[in-house]
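Printed here is my_file-v5.csv (CSV, C-alpha atoms):
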chain,number,residue,atom,x,y,z
A,1,MET,CA,-98.9,-6.2,153.9
A,2,SER,CA,-96.3,-7.5,156.3
A,3,ASP,CA,-97.1,-10.2,158.9
A,4,THR,CA,-96.8,-7.6,161.7
A,5,GLU,CA,-99.4,-5.4,160.1
A,6,LYS,CA,-101.7,-8.3,159.5
A,7,GLN,CA,-101.6,-9.1,163.2
A,8,GLY,CA,-102.5,-5.5,164.3
A,9,PHE,CA,-99.1,-4.6,165.5
A,10,ARG,CA,-96.8,-1.8,164.4
A,11,ALA,CA,-93.3,-1.0,165.3
A,12,VAL,CA,-92.6,1.9,167.7
A,13,GLU,CA,-89.3,3.6,167.9
A,14,ALA,CA,-88.1,3.4,171.6
A,15,ASN,CA,-86.5,6.3,173.4
A,16,VAL,CA,-83.8,4.4,175.2
A,17,GLU,CA,-82.3,7.5,176.8
A,18,GLU,CA,-85.6,8.5,178.3
A,19,MET,CA,-86.3,5.0,179.6
A,20,GLU,CA,-82.9,5.0,181.3
A,21,LYS,CA,-83.7,8.3,183.0
A,22,LYS,CA,-87.0,6.9,184.3
A,23,ILE,CA,-85.2,3.8,185.7
A,24,ARG,CA,-82.6,5.9,187.4
A,25,ARG,CA,-85.3,8.1,189.0
A,26,HIS,CA,-87.2,5.0,190.1
A,27,ARG,CA,-84.1,3.5,191.7
A,28,LYS,CA,-83.3,6.9,193.4
A,29,ARG,CA,-86.8,7.0,194.9
A,30,ILE,CA,-86.3,3.4,196.2
A,31,ALA,CA,-82.9,4.3,197.6
A,32,LEU,CA,-84.3,7.4,199.3
A,33,SER,CA,-87.2,5.5,200.7
A,34,ILE,CA,-84.8,2.8,202.1
A,35,ALA,CA,-82.5,5.5,203.5
A,36,SER,CA,-85.4,7.3,205.1
A,37,ALA,CA,-86.7,4.0,206.7
A,38,VAL,CA,-83.2,3.2,208.0
A,39,THR,CA,-82.8,6.6,209.4
A,40,VAL,CA,-86.2,6.4,211.2
A,41,ILE,CA,-85.3,3.0,212.6
A,42,ALA,CA,-81.9,4.2,213.7
A,43,ILE,CA,-83.5,7.2,215.4
A,44,LEU,CA,-86.1,5.0,217.1
A,45,ILE,CA,-83.3,2.6,218.3
A,46,ALA,CA,-81.2,5.5,219.6
A,47,ALA,CA,-84.2,7.0,221.3
A,48,ALA,CA,-85.1,3.6,222.9
A,49,GLY,CA,-81.4,3.2,224.0
A,50,ILE,CA,-81.4,6.7,225.6
A,51,TYR,CA,-84.8,6.0,227.2
A,52,PHE,CA,-83.6,2.7,228.7
A,53,GLU,CA,-80.2,4.2,229.7
A,54,LEU,CA,-81.9,7.1,231.6
A,55,LYS,CA,-84.8,5.2,233.0
A,56,GLU,CA,-84.8,4.4,236.7
A,57,TYR,CA,-86.2,0.9,237.4
A,58,GLN,CA,-88.0,0.3,240.7
A,59,ASP,CA,-89.2,-3.3,240.2
A,60,TYR,CA,-88.0,-6.5,238.5
A,61,ALA,CA,-89.4,-9.8,237.1
A,62,VAL,CA,-88.0,-13.1,238.3
A,63,SER,CA,-87.0,-15.3,235.4
A,64,SER,CA,-85.8,-18.2,237.6
A,65,GLU,CA,-85.1,-18.9,241.3
A,66,VAL,CA,-83.3,-21.5,243.3
A,67,GLU,CA,-83.8,-22.2,247.0
A,68,ARG,CA,-80.7,-22.2,249.1
A,69,GLY,CA,-80.1,-23.1,252.7
A,70,GLU,CA,-76.5,-22.1,253.8
A,71,SER,CA,-75.8,-20.0,256.8
A,72,ALA,CA,-76.4,-16.2,256.9
A,73,SER,CA,-72.7,-15.7,257.6
A,74,ALA,CA,-71.6,-16.8,254.2
A,75,LYS,CA,-69.8,-14.4,251.9
A,76,TYR,CA,-70.0,-14.2,248.1
A,77,GLU,CA,-67.6,-13.2,245.4
A,78,SER,CA,-67.8,-13.2,241.6
A,79,PHE,CA,-65.2,-15.7,240.4
A,80,ALA,CA,-64.7,-16.2,236.6
A,81,GLY,CA,-68.3,-15.5,235.9
A,82,ARG,CA,-69.6,-17.8,238.6
A,83,ILE,CA,-70.1,-17.6,242.4
A,84,LEU,CA,-67.6,-18.3,245.1
A,85,ARG,CA,-69.3,-18.8,248.4
A,86,TYR,CA,-67.4,-19.3,251.7
A,87,ASN,CA,-67.9,-19.3,255.4
A,88,ASN,CA,-66.1,-20.6,258.5
A,89,ASP,CA,-66.6,-24.2,257.5
A,90,GLY,CA,-65.8,-24.3,253.8
A,91,VAL,CA,-65.8,-22.9,250.3
A,92,PHE,CA,-68.2,-23.7,247.5
A,93,TYR,CA,-68.0,-22.8,243.8
A,94,THR,CA,-71.3,-22.8,241.9
A,95,ASP,CA,-72.8,-21.5,238.8
A,96,MET,CA,-75.4,-18.8,238.8
A,97,SER,CA,-78.2,-21.4,239.3
A,98,ASP,CA,-76.4,-22.7,242.5
A,99,ASN,CA,-75.3,-25.9,240.8
A,100,LEU,CA,-72.2,-27.1,242.7
A,101,ILE,CA,-69.0,-27.2,240.6
A,102,TRP,CA,-66.6,-28.1,243.5
A,103,ASN,CA,-66.3,-27.5,247.3
A,104,GLN,CA,-63.6,-27.7,250.0
A,105,ALA,CA,-64.2,-28.2,253.7
A,106,TYR,CA,-62.0,-26.5,256.3
A,107,GLU,CA,-62.2,-24.7,259.7
A,108,MET,CA,-61.3,-21.0,259.7
A,109,GLN,CA,-62.1,-18.2,262.2
A,110,ASN,CA,-61.7,-15.3,259.8
A,111,PRO,CA,-61.7,-16.5,256.2
A,112,SER,CA,-60.8,-13.9,253.5
A,113,ALA,CA,-60.7,-14.3,249.7
A,114,ASP,CA,-58.4,-12.6,247.2
A,115,ILE,CA,-59.2,-13.2,243.5
A,116,CYS,CA,-57.2,-12.5,240.3
A,117,GLU,CA,-58.9,-13.7,237.1
A,118,ASN,CA,-59.1,-17.5,237.2
A,119,TYR,CA,-57.3,-18.0,240.5
A,120,ALA,CA,-58.4,-17.3,244.1
A,121,ALA,CA,-56.7,-17.6,247.5
A,122,LEU,CA,-58.7,-18.2,250.7
A,123,ALA,CA,-56.8,-17.4,253.9
A,124,ASP,CA,-57.6,-17.5,257.6
A,125,LEU,CA,-56.5,-14.0,258.7
A,126,GLN,CA,-54.6,-14.2,262.0
A,127,GLY,CA,-54.7,-18.0,261.5
A,128,ASN,CA,-52.3,-20.2,259.5
A,129,GLN,CA,-54.3,-21.9,256.7
A,130,ILE,CA,-54.4,-20.9,253.0
A,131,TYR,CA,-56.1,-22.7,250.1
A,132,ILE,CA,-55.1,-21.9,246.4
A,133,MET,CA,-57.9,-22.5,244.0
A,134,ASN,CA,-58.8,-22.1,240.3
A,135,THR,CA,-62.1,-22.8,238.4
A,136,ALA,CA,-61.3,-26.6,238.4
A,137,GLY,CA,-60.9,-26.8,242.2
A,138,VAL,CA,-58.2,-26.6,245.0
A,139,GLN,CA,-54.7,-26.7,243.5
A,140,GLY,CA,-52.7,-26.5,246.7
A,141,SER,CA,-52.7,-25.5,250.4
A,142,ILE,CA,-50.3,-23.7,252.7
A,143,LYS,CA,-49.9,-24.0,256.5
A,144,THR,CA,-47.9,-21.1,257.8
A,145,GLY,CA,-46.0,-21.2,261.1
A,146,LYS,CA,-47.0,-17.6,262.0
A,147,PRO,CA,-50.2,-15.6,261.9
A,148,ILE,CA,-51.3,-14.5,258.5
A,149,GLU,CA,-51.6,-10.7,258.0
A,150,ALA,CA,-52.4,-10.5,254.3
A,151,VAL,CA,-52.4,-12.5,251.1
A,152,CYS,CA,-52.6,-11.7,247.4
A,153,ILE,CA,-52.7,-14.0,244.4
A,154,ALA,CA,-51.7,-13.6,240.7
A,155,ASN,CA,-53.5,-14.9,237.6
A,156,GLN,CA,-51.4,-18.1,237.4
A,157,GLY,CA,-51.7,-19.1,241.1
A,158,THR,CA,-48.5,-17.5,242.5
A,159,ILE,CA,-49.3,-16.2,245.9
A,160,ALA,CA,-47.7,-13.6,248.2
A,161,VAL,CA,-48.2,-14.0,252.0
A,162,LEU,CA,-47.4,-11.6,254.8
A,163,THR,CA,-47.1,-13.0,258.3
A,164,GLN,CA,-45.9,-11.5,261.6
A,165,SER,CA,-44.5,-12.8,264.8
A,166,ASP,CA,-42.5,-11.2,267.7
A,167,GLY,CA,-41.8,-7.9,266.1
A,168,THR,CA,-40.7,-9.4,262.7
A,169,SER,CA,-42.8,-9.6,259.6
A,170,TYR,CA,-42.2,-12.3,256.9
A,171,LEU,CA,-42.9,-12.0,253.2
A,172,GLU,CA,-43.1,-15.3,251.3
A,173,LEU,CA,-43.9,-16.3,247.7
A,174,TYR,CA,-45.5,-19.7,246.9
A,175,ASN,CA,-46.5,-21.4,243.6
A,176,LYS,CA,-50.0,-22.6,243.1
A,177,THR,CA,-49.3,-26.0,244.7
A,178,GLY,CA,-48.0,-24.4,247.9
A,179,ASP,CA,-44.2,-24.8,247.3
A,180,SER,CA,-42.0,-21.9,248.5
A,181,LEU,CA,-40.4,-19.7,245.9
A,182,ALA,CA,-38.8,-16.9,247.9
A,183,SER,CA,-38.9,-15.3,251.3
A,184,GLY,CA,-37.7,-12.3,253.3
A,185,GLU,CA,-37.9,-10.6,256.6
A,186,ILE,CA,-39.0,-7.1,257.7
A,187,HIS,CA,-37.8,-6.1,261.1
A,188,VAL,CA,-40.4,-3.7,262.6
A,189,ALA,CA,-37.8,-2.0,264.8
A,190,ASN,CA,-35.6,-1.1,261.8
A,191,SER,CA,-37.9,-0.8,258.9
A,192,GLY,CA,-41.4,-0.2,260.2
A,193,TYR,CA,-44.7,-2.2,260.2
A,194,PRO,CA,-46.0,-3.6,257.0
A,195,LEU,CA,-49.6,-2.4,256.3
A,196,ASP,CA,-50.4,-4.2,253.0
A,197,ILE,CA,-48.9,-6.1,250.1
A,198,SER,CA,-50.0,-6.4,246.5
A,199,LEU,CA,-48.8,-8.7,243.7
A,200,SER,CA,-49.1,-7.8,240.0
A,201,ASN,CA,-51.4,-10.0,237.9
A,202,ASP,CA,-48.5,-11.7,236.2
A,203,ALA,CA,-46.6,-12.1,239.6
A,204,ASN,CA,-43.5,-10.2,238.3
A,205,LYS,CA,-43.9,-7.3,240.7
A,206,LEU,CA,-44.6,-7.0,244.4
A,207,ALA,CA,-45.4,-3.9,246.3
A,208,VAL,CA,-45.2,-3.4,250.1
A,209,SER,CA,-46.6,-0.5,252.1
A,210,ILE,CA,-44.7,0.0,255.4
A,211,LEU,CA,-45.6,2.4,258.2
A,212,ASP,CA,-42.7,4.0,260.1
A,213,ILE,CA,-43.3,6.0,263.3
A,214,SER,CA,-39.8,5.9,264.7
A,215,LYS,CA,-39.1,9.6,264.0
A,216,GLY,CA,-42.2,10.8,265.9
A,217,LYS,CA,-44.5,11.1,262.9
A,218,ALA,CA,-46.3,8.6,260.6
A,219,ASN,CA,-44.4,8.1,257.4
A,220,THR,CA,-45.3,5.4,254.8
A,221,THR,CA,-42.8,3.9,252.4
A,222,ILE,CA,-44.1,2.0,249.3
A,223,THR,CA,-41.4,-0.4,248.0
A,224,PHE,CA,-41.5,-2.2,244.7
A,225,TYR,CA,-39.8,-5.5,243.9
A,226,ASN,CA,-39.4,-7.1,240.5
A,227,PHE,CA,-38.9,-10.9,240.2
A,228,GLY,CA,-38.3,-10.8,236.5
A,229,ALA,CA,-35.2,-9.9,234.5
A,230,ALA,CA,-35.3,-6.3,235.6
A,231,GLY,CA,-34.9,-7.1,239.2
A,232,GLN,CA,-32.1,-9.8,238.9
A,233,ASN,CA,-29.3,-7.3,239.2
A,234,GLU,CA,-30.9,-5.2,242.0
A,235,ILE,CA,-30.3,-5.8,245.8
A,236,ASP,CA,-33.1,-8.0,247.1
A,237,ASN,CA,-34.9,-7.4,243.7
A,238,MET,CA,-35.9,-3.9,244.9
A,239,VAL,CA,-36.6,-1.6,241.9
A,240,GLY,CA,-38.1,1.4,243.5
A,241,SER,CA,-39.2,3.1,246.7
A,242,TYR,CA,-41.3,6.1,247.6
A,243,VAL,CA,-41.6,7.8,251.0
A,244,TYR,CA,-44.8,9.7,251.9
A,245,GLU,CA,-44.4,11.9,255.0
A,246,ASP,CA,-47.2,12.4,257.5
A,247,THR,CA,-49.2,9.8,255.5
A,248,ILE,CA,-50.7,6.4,256.3
A,249,ILE,CA,-51.3,4.2,253.4
A,250,PRO,CA,-53.2,1.1,254.6
A,251,GLU,CA,-54.3,-0.3,251.2
A,252,ILE,CA,-52.5,-0.9,247.9
A,253,LYS,CA,-53.6,-2.9,244.9
A,254,PHE,CA,-52.2,-3.9,241.5
A,255,VAL,CA,-55.3,-3.7,239.2
A,256,SER,CA,-53.3,-5.1,236.3
A,257,ASN,CA,-49.8,-6.2,235.4
A,258,ASP,CA,-48.4,-2.6,235.2
A,259,ARG,CA,-50.8,-0.4,237.1
A,260,MET,CA,-51.2,0.0,240.9
A,261,ILE,CA,-53.2,2.3,243.2
A,262,ALA,CA,-52.5,3.3,246.8
A,263,PHE,CA,-55.1,4.6,249.1
A,264,GLY,CA,-53.8,6.9,251.9
A,265,ASP,CA,-55.4,8.9,254.6
A,266,HIS,CA,-55.2,12.1,252.6
A,267,GLN,CA,-53.9,11.0,249.2
A,268,VAL,CA,-54.6,8.5,246.4
A,269,ILE,CA,-51.5,7.7,244.4
A,270,LEU,CA,-51.5,6.0,241.0
A,271,TYR,CA,-48.5,4.2,239.5
A,272,GLU,CA,-47.7,2.7,236.1
A,273,GLY,CA,-44.6,0.9,234.7
A,274,LYS,CA,-43.7,-2.5,233.2
A,275,GLN,CA,-40.5,-2.9,235.2
A,276,SER,CA,-40.4,-0.3,238.0
A,277,PRO,CA,-43.7,1.5,238.6
A,278,LYS,CA,-43.6,5.3,238.7
A,279,GLU,CA,-46.0,7.8,240.1
A,280,THR,CA,-48.4,9.0,237.4
A,281,SER,CA,-51.0,10.9,239.4
A,282,VAL,CA,-51.5,12.1,243.0
A,283,LEU,CA,-55.0,13.0,244.1
A,284,ASP,CA,-55.1,15.1,247.3
A,285,LEU,CA,-58.1,14.4,249.5
A,286,LYS,CA,-59.8,17.4,251.1
A,287,GLN,CA,-61.8,15.5,253.6
A,288,GLN,CA,-61.9,12.1,255.3
A,289,VAL,CA,-62.9,9.2,253.0
A,290,LYS,CA,-65.5,6.8,254.3
A,291,SER,CA,-65.1,4.1,251.6
A,292,VAL,CA,-62.9,3.2,248.7
A,293,PHE,CA,-63.6,0.7,245.9
A,294,TYR,CA,-62.0,-0.1,242.6
A,295,GLU,CA,-61.8,-2.3,239.5
A,296,GLU,CA,-59.3,-2.5,236.6
A,297,SER,CA,-60.5,0.7,234.9
A,298,TYR,CA,-62.0,2.9,237.7
A,299,PHE,CA,-61.9,3.7,241.4
A,300,GLY,CA,-64.4,5.3,243.6
A,301,LEU,CA,-64.3,7.4,246.8
A,302,VAL,CA,-67.2,8.0,249.2
A,303,TYR,CA,-67.4,11.0,251.6
A,304,SER,CA,-69.9,11.6,254.4
A,305,ARG,CA,-71.8,14.9,254.2
A,306,GLU,CA,-73.2,15.4,257.7
A,307,ASP,CA,-74.0,19.0,256.9
A,308,SER,CA,-76.4,17.9,254.2
A,309,GLY,CA,-78.9,15.6,255.9
A,310,ASN,CA,-76.4,12.8,256.5
A,311,SER,CA,-76.1,12.2,252.7
A,312,HIS,CA,-73.0,10.8,251.0
A,313,LYS,CA,-71.0,12.0,248.0
A,314,MET,CA,-69.5,9.5,245.6
A,315,GLU,CA,-66.7,10.3,243.1
A,316,ILE,CA,-65.6,8.0,240.3
A,317,TYR,CA,-62.2,8.4,238.7
A,318,ASP,CA,-60.4,6.6,235.8
A,319,MET,CA,-56.9,5.2,236.3
A,320,LYS,CA,-55.4,8.4,235.1
A,321,GLY,CA,-56.9,10.2,238.0
A,322,LYS,CA,-59.5,12.1,235.9
A,323,LEU,CA,-62.9,12.6,237.5
A,324,GLN,CA,-65.6,10.8,235.6
A,325,MET,CA,-68.7,11.2,237.8
A,326,GLU,CA,-70.0,12.8,241.0
A,327,GLN,CA,-73.2,11.7,242.7
A,328,THR,CA,-74.8,12.2,246.1
A,329,PHE,CA,-77.0,9.5,247.8
A,330,LYS,CA,-78.6,9.1,251.2
A,331,MET,CA,-78.6,5.3,251.8
A,332,ASP,CA,-77.1,4.2,255.0
A,333,TYR,CA,-75.0,1.6,253.2
A,334,GLN,CA,-73.0,-1.4,254.3
A,335,ASP,CA,-71.2,-2.1,251.0
A,336,ILE,CA,-70.4,-0.3,247.8
A,337,GLU,CA,-68.7,-1.9,244.8
A,338,PHE,CA,-68.3,-2.0,241.0
A,339,LEU,CA,-70.3,-4.7,239.2
A,340,ARG,CA,-68.8,-6.5,236.2
A,341,ASN,CA,-70.5,-4.0,233.8
A,342,HIS,CA,-68.9,-1.0,235.5
A,343,GLU,CA,-72.1,0.0,237.3
A,344,ILE,CA,-71.9,0.9,241.0
A,345,CYS,CA,-73.9,-1.1,243.5
A,346,ILE,CA,-74.7,0.4,246.9
A,347,ARG,CA,-76.5,-1.8,249.3
A,348,ASN,CA,-77.4,-2.6,252.9
A,349,GLU,CA,-79.2,-5.5,254.4
A,350,HIS,CA,-82.5,-4.7,252.7
A,351,GLU,CA,-81.9,-1.9,250.2
A,352,CYS,CA,-80.1,-1.4,247.0
A,353,GLU,CA,-79.2,1.4,244.5
A,354,ILE,CA,-77.4,0.9,241.3
A,355,TYR,CA,-75.8,3.8,239.3
A,356,THR,CA,-74.2,4.0,235.9
A,357,LEU,CA,-70.9,5.7,235.2
A,358,ARG,CA,-73.0,8.7,233.9
A,359,GLY,CA,-74.5,9.2,237.3
A,360,VAL,CA,-77.9,7.8,236.3
A,361,LYS,CA,-79.7,5.9,239.1
A,362,ARG,CA,-80.5,2.7,237.2
A,363,PHE,CA,-82.3,0.7,240.0
A,364,THR,CA,-83.6,1.2,243.5
A,365,TYR,CA,-85.4,-1.3,245.6
A,366,LYS,CA,-86.3,-2.3,249.1
A,367,PHE,CA,-86.3,-6.1,249.7
A,368,ASP,CA,-88.4,-8.1,252.2
A,369,GLN,CA,-85.6,-10.6,252.6
A,370,ALA,CA,-82.0,-9.9,253.6
A,371,LEU,CA,-79.9,-9.1,250.5
A,372,HIS,CA,-76.3,-10.6,250.5
A,373,LYS,CA,-75.0,-9.9,247.0
A,374,ILE,CA,-75.8,-8.6,243.5
A,375,PHE,CA,-74.2,-9.9,240.3
A,376,SER,CA,-74.7,-8.2,236.9
A,377,GLY,CA,-75.6,-10.3,234.0
A,378,SER,CA,-74.2,-10.5,230.4
A,379,LEU,CA,-77.2,-8.6,229.0
A,380,GLY,CA,-78.6,-5.2,230.0
A,381,ARG,CA,-81.2,-5.2,232.9
A,382,ARG,CA,-80.2,-8.8,233.8
A,383,TYR,CA,-79.0,-9.4,237.3
A,384,THR,CA,-78.6,-12.2,239.9
A,385,PHE,CA,-79.8,-11.4,243.5
A,386,ILE,CA,-78.5,-13.5,246.4
A,387,LEU,CA,-81.2,-13.2,249.1
A,388,ASP,CA,-82.0,-15.1,252.3
A,389,GLY,CA,-83.1,-18.6,251.2
A,390,VAL,CA,-83.1,-18.0,247.5
A,391,ILE,CA,-81.0,-17.0,244.4
A,392,GLU,CA,-83.1,-15.0,241.9
A,393,LYS,CA,-82.2,-14.4,238.2
A,394,VAL,CA,-84.1,-11.2,237.3
A,395,LYS,CA,-84.8,-8.6,234.7
A,396,LEU,CA,-85.5,-5.0,235.7
A,397,LYS,CA,-88.8,-3.6,234.7

As structure tokens - that is how I would like this structure written.
Amino acid sequence: MSDTEKQGFRAVEANVEEMEKKIRRHRKRIALSIASAVTVIAILIAAAGIYFELKEYQDYAVSSEVERGESASAKYESFAGRILRYNNDGVFYTDMSDNLIWNQAYEMQNPSADICENYAALADLQGNQIYIMNTAGVQGSIKTGKPIEAVCIANQGTIAVLTQSDGTSYLELYNKTGDSLASGEIHVANSGYPLDISLSNDANKLAVSILDISKGKANTTITFYNFGAAGQNEIDNMVGSYVYEDTIIPEIKFVSNDRMIAFGDHQVILYEGKQSPKETSVLDLKQQVKSVFYEESYFGLVYSREDSGNSHKMEIYDMKGKLQMEQTFKMDYQDIEFLRNHEICIRNEHECEIYTLRGVKRFTYKFDQALHKIFSGSLGRRYTFILDGVIEKVKLK
């Protein structure tokens, strides 16, 4: 007898093929179970996302707050992810917890800020003082000899300034330290009255909107200048001009290097072009617009609807002129703007409504304290509220 038989064991012929089949079936069941679990989790995540996307929040939890004591006349702007606060006496740059990064004292009667990425210009409109700033502090200052009508700044600190005196307007370009780069004159009697100016983000292109009423009707001319290679061989660097009859265009804005938008009394005109901007879309307005607002990717229009219980109609378009969203609201608002996350914030002294680009009302609230500004956070449902006496970091709930 063999040793195996002596120990009570006997050899069994294994069916290798059958065993491999069983292993494959077992692995398949495991894979199907994992796939089913992943699918269920994905469905739950998607459902949760849709729920939170469509949910209207009417309250919030304060995660942190900081007391503040500046005057109620202060204005606030988002600047490179932090807060630029200014009033008649000075400008302050702080983080979202109100920790001071830098400040600059001055005396201005009508301070106004223009911001492009990491640079900002603060000018005393109808005065003669301008400060050029970046996130590190004041880089330069300018004292003009004539009243300031408008300023705009590029993303490296180049600034365009429009001044006016005795029937002549003056256009001047300065670098970030306040040194003059170029200048020119616009004689109102011959050319018309400049309404607005805009500088492209890279400072290569300048646009000027000029109103001419010399022929008995209001015509507006928008002229483009190029200070790069494309404009060197052109007279006065002018690379294009458009005339709009029976139209007043009080506001123009480069929203990027190569894209500009013009808001007229009955038209919105979009332009694109690396060297000489060309018309790409014209939106005819069927009724008077109450407010306009914009960012790099979208612009918005608000109409009053007095025939519908004093409500308002808001329309959001992309920069191709395509309608993205329509929404009505009834708030008697003081300000409407895009937040950094493309949401639309409508507010007055004590009330706020926030809408998504899908037209979903994301947040509505009535505050006890006066509300000055809302900043969106880096995460969903996170915001910063600037209220009388306090800055609150919050999460909607």

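Coordinates place atom CA of Gly178 of chain A at a distance of 13.5 Å from atom CA of Cys152 of chain A.
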
Could you pull the residues within 7 Å of Phe224 of chain A, counting only C-alpha atoms, minus those fewer than 3 positions along the same chain, as a count of residues only? 8

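You will find atom CA of Gly377 of chain A at 12.5 Å from atom CA of Asp95 of chain A.
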
Which residues, written as a PDB file with C-alpha atoms, in the frame of the given file, have at least one atom at most 9 Å from Thr247 of chain A, with all atoms listed in the file counted and residues fewer than 4 positions away on the same chain left out?
ATOM      1  CA  LEU A 211     -45.600   2.400 258.200  1.00  0.00           C
ATOM      2  CA  LYS A 217     -44.500  11.100 262.900  1.00  0.00           C
ATOM      3  CA  ALA A 218     -46.300   8.600 260.600  1.00  0.00           C
ATOM      4  CA  ASN A 219     -44.400   8.100 257.400  1.00  0.00           C
ATOM      5  CA  THR A 220     -45.300   5.400 254.800  1.00  0.00           C
ATOM      6  CA  GLY A 264     -53.800   6.900 251.900  1.00  0.00           C
ATOM      7  CA  ASP A 265     -55.400   8.900 254.600  1.00  0.00           C
ATOM      8  CA  HIS A 266     -55.200  12.100 252.600  1.00  0.00           C
ATOM      9  CA  GLN A 267     -53.900  11.000 249.200  1.00  0.00           C
TER      10      GLN A 267
END

Please list as a PyMOL selection string every residue within 10 Å of Asn88 of chain A, counting all atoms listed in the file and excluding residues in the same chain fewer than 4 positions away. chain A and resi 71+73-75+105-112+124

Could segment 284-296 of chain A be completed with N, CA, C and O atoms and written as a PDB file, in the coordinates of the input, please?
ATOM      1  N   ASP A 284     -55.072  14.636 245.909  1.00  0.00           N
ATOM      2  CA  ASP A 284     -55.100  15.100 247.300  1.00  0.00           C
ATOM      3  C   ASP A 284     -56.590  15.068 247.774  1.00  0.00           C
ATOM      4  O   ASP A 284     -57.487  15.581 247.104  1.00  0.00           O
ATOM      5  N   LEU A 285     -56.806  14.479 248.930  1.00  0.00           N
ATOM      6  CA  LEU A 285     -58.100  14.400 249.500  1.00  0.00           C
ATOM      7  C   LEU A 285     -58.388  15.510 250.460  1.00  0.00           C
ATOM      8  O   LEU A 285     -57.598  15.733 251.373  1.00  0.00           O
ATOM      9  N   LYS A 286     -59.488  16.220 250.256  1.00  0.00           N
ATOM     10  CA  LYS A 286     -59.800  17.400 251.100  1.00  0.00           C
ATOM     11  C   LYS A 286     -60.543  17.096 252.329  1.00  0.00           C
ATOM     12  O   LYS A 286     -60.672  17.952 253.192  1.00  0.00           O
ATOM     13  N   GLN A 287     -61.065  15.898 252.436  1.00  0.00           N
ATOM     14  CA  GLN A 287     -61.800  15.500 253.600  1.00  0.00           C
ATOM     15  C   GLN A 287     -61.622  13.986 253.810  1.00  0.00           C
ATOM     16  O   GLN A 287     -61.110  13.290 252.921  1.00  0.00           O
ATOM     17  N   GLN A 288     -62.032  13.481 254.976  1.00  0.00           N
ATOM     18  CA  GLN A 288     -61.900  12.100 255.300  1.00  0.00           C
ATOM     19  C   GLN A 288     -62.765  11.223 254.397  1.00  0.00           C
ATOM     20  O   GLN A 288     -63.938  11.510 254.212  1.00  0.00           O
ATOM     21  N   VAL A 289     -62.180  10.159 253.851  1.00  0.00           N
ATOM     22  CA  VAL A 289     -62.900   9.200 253.000  1.00  0.00           C
ATOM     23  C   VAL A 289     -63.544   8.140 253.825  1.00  0.00           C
ATOM     24  O   VAL A 289     -62.886   7.538 254.673  1.00  0.00           O
ATOM     25  N   LYS A 290     -64.819   7.850 253.564  1.00  0.00           N
ATOM     26  CA  LYS A 290     -65.500   6.800 254.300  1.00  0.00           C
ATOM     27  C   LYS A 290     -65.271   5.425 253.649  1.00  0.00           C
ATOM     28  O   LYS A 290     -65.101   4.430 254.355  1.00  0.00           O
ATOM     29  N   SER A 291     -65.261   5.365 252.324  1.00  0.00           N
ATOM     30  CA  SER A 291     -65.100   4.100 251.600  1.00  0.00           C
ATOM     31  C   SER A 291     -64.290   4.295 250.351  1.00  0.00           C
ATOM     32  O   SER A 291     -64.362   5.360 249.737  1.00  0.00           O
ATOM     33  N   VAL A 292     -63.542   3.261 249.956  1.00  0.00           N
ATOM     34  CA  VAL A 292     -62.900   3.200 248.700  1.00  0.00           C
ATOM     35  C   VAL A 292     -63.278   1.909 247.978  1.00  0.00           C
ATOM     36  O   VAL A 292     -63.505   0.891 248.639  1.00  0.00           O
ATOM     37  N   PHE A 293     -63.371   1.931 246.655  1.00  0.00           N
ATOM     38  CA  PHE A 293     -63.600   0.700 245.900  1.00  0.00           C
ATOM     39  C   PHE A 293     -63.050   0.896 244.509  1.00  0.00           C
ATOM     40  O   PHE A 293     -62.829   2.020 244.042  1.00  0.00           O
ATOM     41  N   TYR A 294     -62.786  -0.217 243.826  1.00  0.00           N
ATOM     42  CA  TYR A 294     -62.000  -0.100 242.600  1.00  0.00           C
ATOM     43  C   TYR A 294     -62.232  -1.367 241.736  1.00  0.00           C
ATOM     44  O   TYR A 294     -62.695  -2.411 242.201  1.00  0.00           O
ATOM     45  N   GLU A 295     -61.842  -1.235 240.484  1.00  0.00           N
ATOM     46  CA  GLU A 295     -61.800  -2.300 239.500  1.00  0.00           C
ATOM     47  C   GLU A 295     -60.584  -2.021 238.614  1.00  0.00           C
ATOM     48  O   GLU A 295     -59.756  -1.158 238.941  1.00  0.00           O
ATOM     49  N   GLU A 296     -60.472  -2.678 237.484  1.00  0.00           N
ATOM     50  CA  GLU A 296     -59.300  -2.500 236.600  1.00  0.00           C
ATOM     51  C   GLU A 296     -59.289  -1.088 235.980  1.00  0.00           C
ATOM     52  O   GLU A 296     -58.212  -0.512 235.783  1.00  0.00           O
TER      53      GLU A 296
END
